[in-house]
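Trainee: Please see the structure below; I have some questions.
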Amino acid sequence: MADTNKKTVDVDNATKKKRVTVRLPRLSGQNAIQEEFFSVNGKNYIIKRGETVEIPEEVAEVIRNGEKAEEYAMNYVEELEKKKTEKEKELNLK
């Protein structure tokens with residue numbers, strides 16, 4: 001016979017994952033979405049912007065990686081715009 005008295009265990013508590021405190025800044029604008037969705041290893045998280053929350057370290061790592069990627073992309077676009085402006089000046093297009 002199957003044991004019907006099995007207990008459910010919260011995986012986060014069972015493995016004692018390290019948690020960190022984060023606060024995502026609020027976005028300005030009337031239509032700005034004030035929540036961010038993250039999914040790590042099949043577990044989903046919704047973090048409200050402007051609120052301080054505790055999340056597992058691996059979710060914080062995803063947030064940091066996203067910030068780094070965004071910074072890299074902005075720097076790349078700025079560099080391309082700079083090169084474009086220089087080329088336009090060289091060709092007397094502006």
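Residue numbering restarts at 1 in every chain; chains get A, B, ... in the order shown in the structure tokens, and ligands count up from 1 in that same order.
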Could you pull out all residues of chain A with a DSSP call of strand (DSSP E or B) and give them as a PDB file with C-alpha atoms, in the first residue's frame?
Mentor:
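Output saved as out-v3.pdb:
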ATOM      1  CA  ARG A  19      18.730  34.812  -0.132  1.00  0.00           C
ATOM      2  CA  VAL A  20      19.670  38.390  -0.923  1.00  0.00           C
ATOM      3  CA  THR A  21      17.811  41.664  -0.583  1.00  0.00           C
ATOM      4  CA  VAL A  22      17.146  43.617  -3.784  1.00  0.00           C
ATOM      5  CA  ARG A  23      15.117  46.611  -4.846  1.00  0.00           C
ATOM      6  CA  GLU A  35       6.657  44.342 -12.142  1.00  0.00           C
ATOM      7  CA  GLU A  36       9.422  42.158 -13.554  1.00  0.00           C
ATOM      8  CA  PHE A  37       9.128  38.456 -14.324  1.00  0.00           C
ATOM      9  CA  PHE A  38      12.071  36.088 -13.872  1.00  0.00           C
ATOM     10  CA  SER A  39      12.284  32.335 -14.335  1.00  0.00           C
ATOM     11  CA  VAL A  40      15.248  30.380 -12.994  1.00  0.00           C
ATOM     12  CA  LYS A  43      10.778  28.418 -10.869  1.00  0.00           C
ATOM     13  CA  ASN A  44       9.018  31.715 -11.615  1.00  0.00           C
ATOM     14  CA  TYR A  45       9.300  34.996  -9.734  1.00  0.00           C
ATOM     15  CA  ILE A  46       7.499  38.318 -10.095  1.00  0.00           C
ATOM     16  CA  ILE A  47       9.241  41.216  -8.410  1.00  0.00           C
ATOM     17  CA  LYS A  48       7.449  44.510  -7.863  1.00  0.00           C
ATOM     18  CA  THR A  52      12.558  45.772  -1.183  1.00  0.00           C
ATOM     19  CA  VAL A  53      12.332  41.978  -1.434  1.00  0.00           C
ATOM     20  CA  GLU A  54      14.415  38.932  -0.544  1.00  0.00           C
ATOM     21  CA  ILE A  55      15.097  36.550  -3.413  1.00  0.00           C
ATOM     22  CA  PRO A  56      17.329  33.512  -3.971  1.00  0.00           C
TER      23      PRO A  56
END
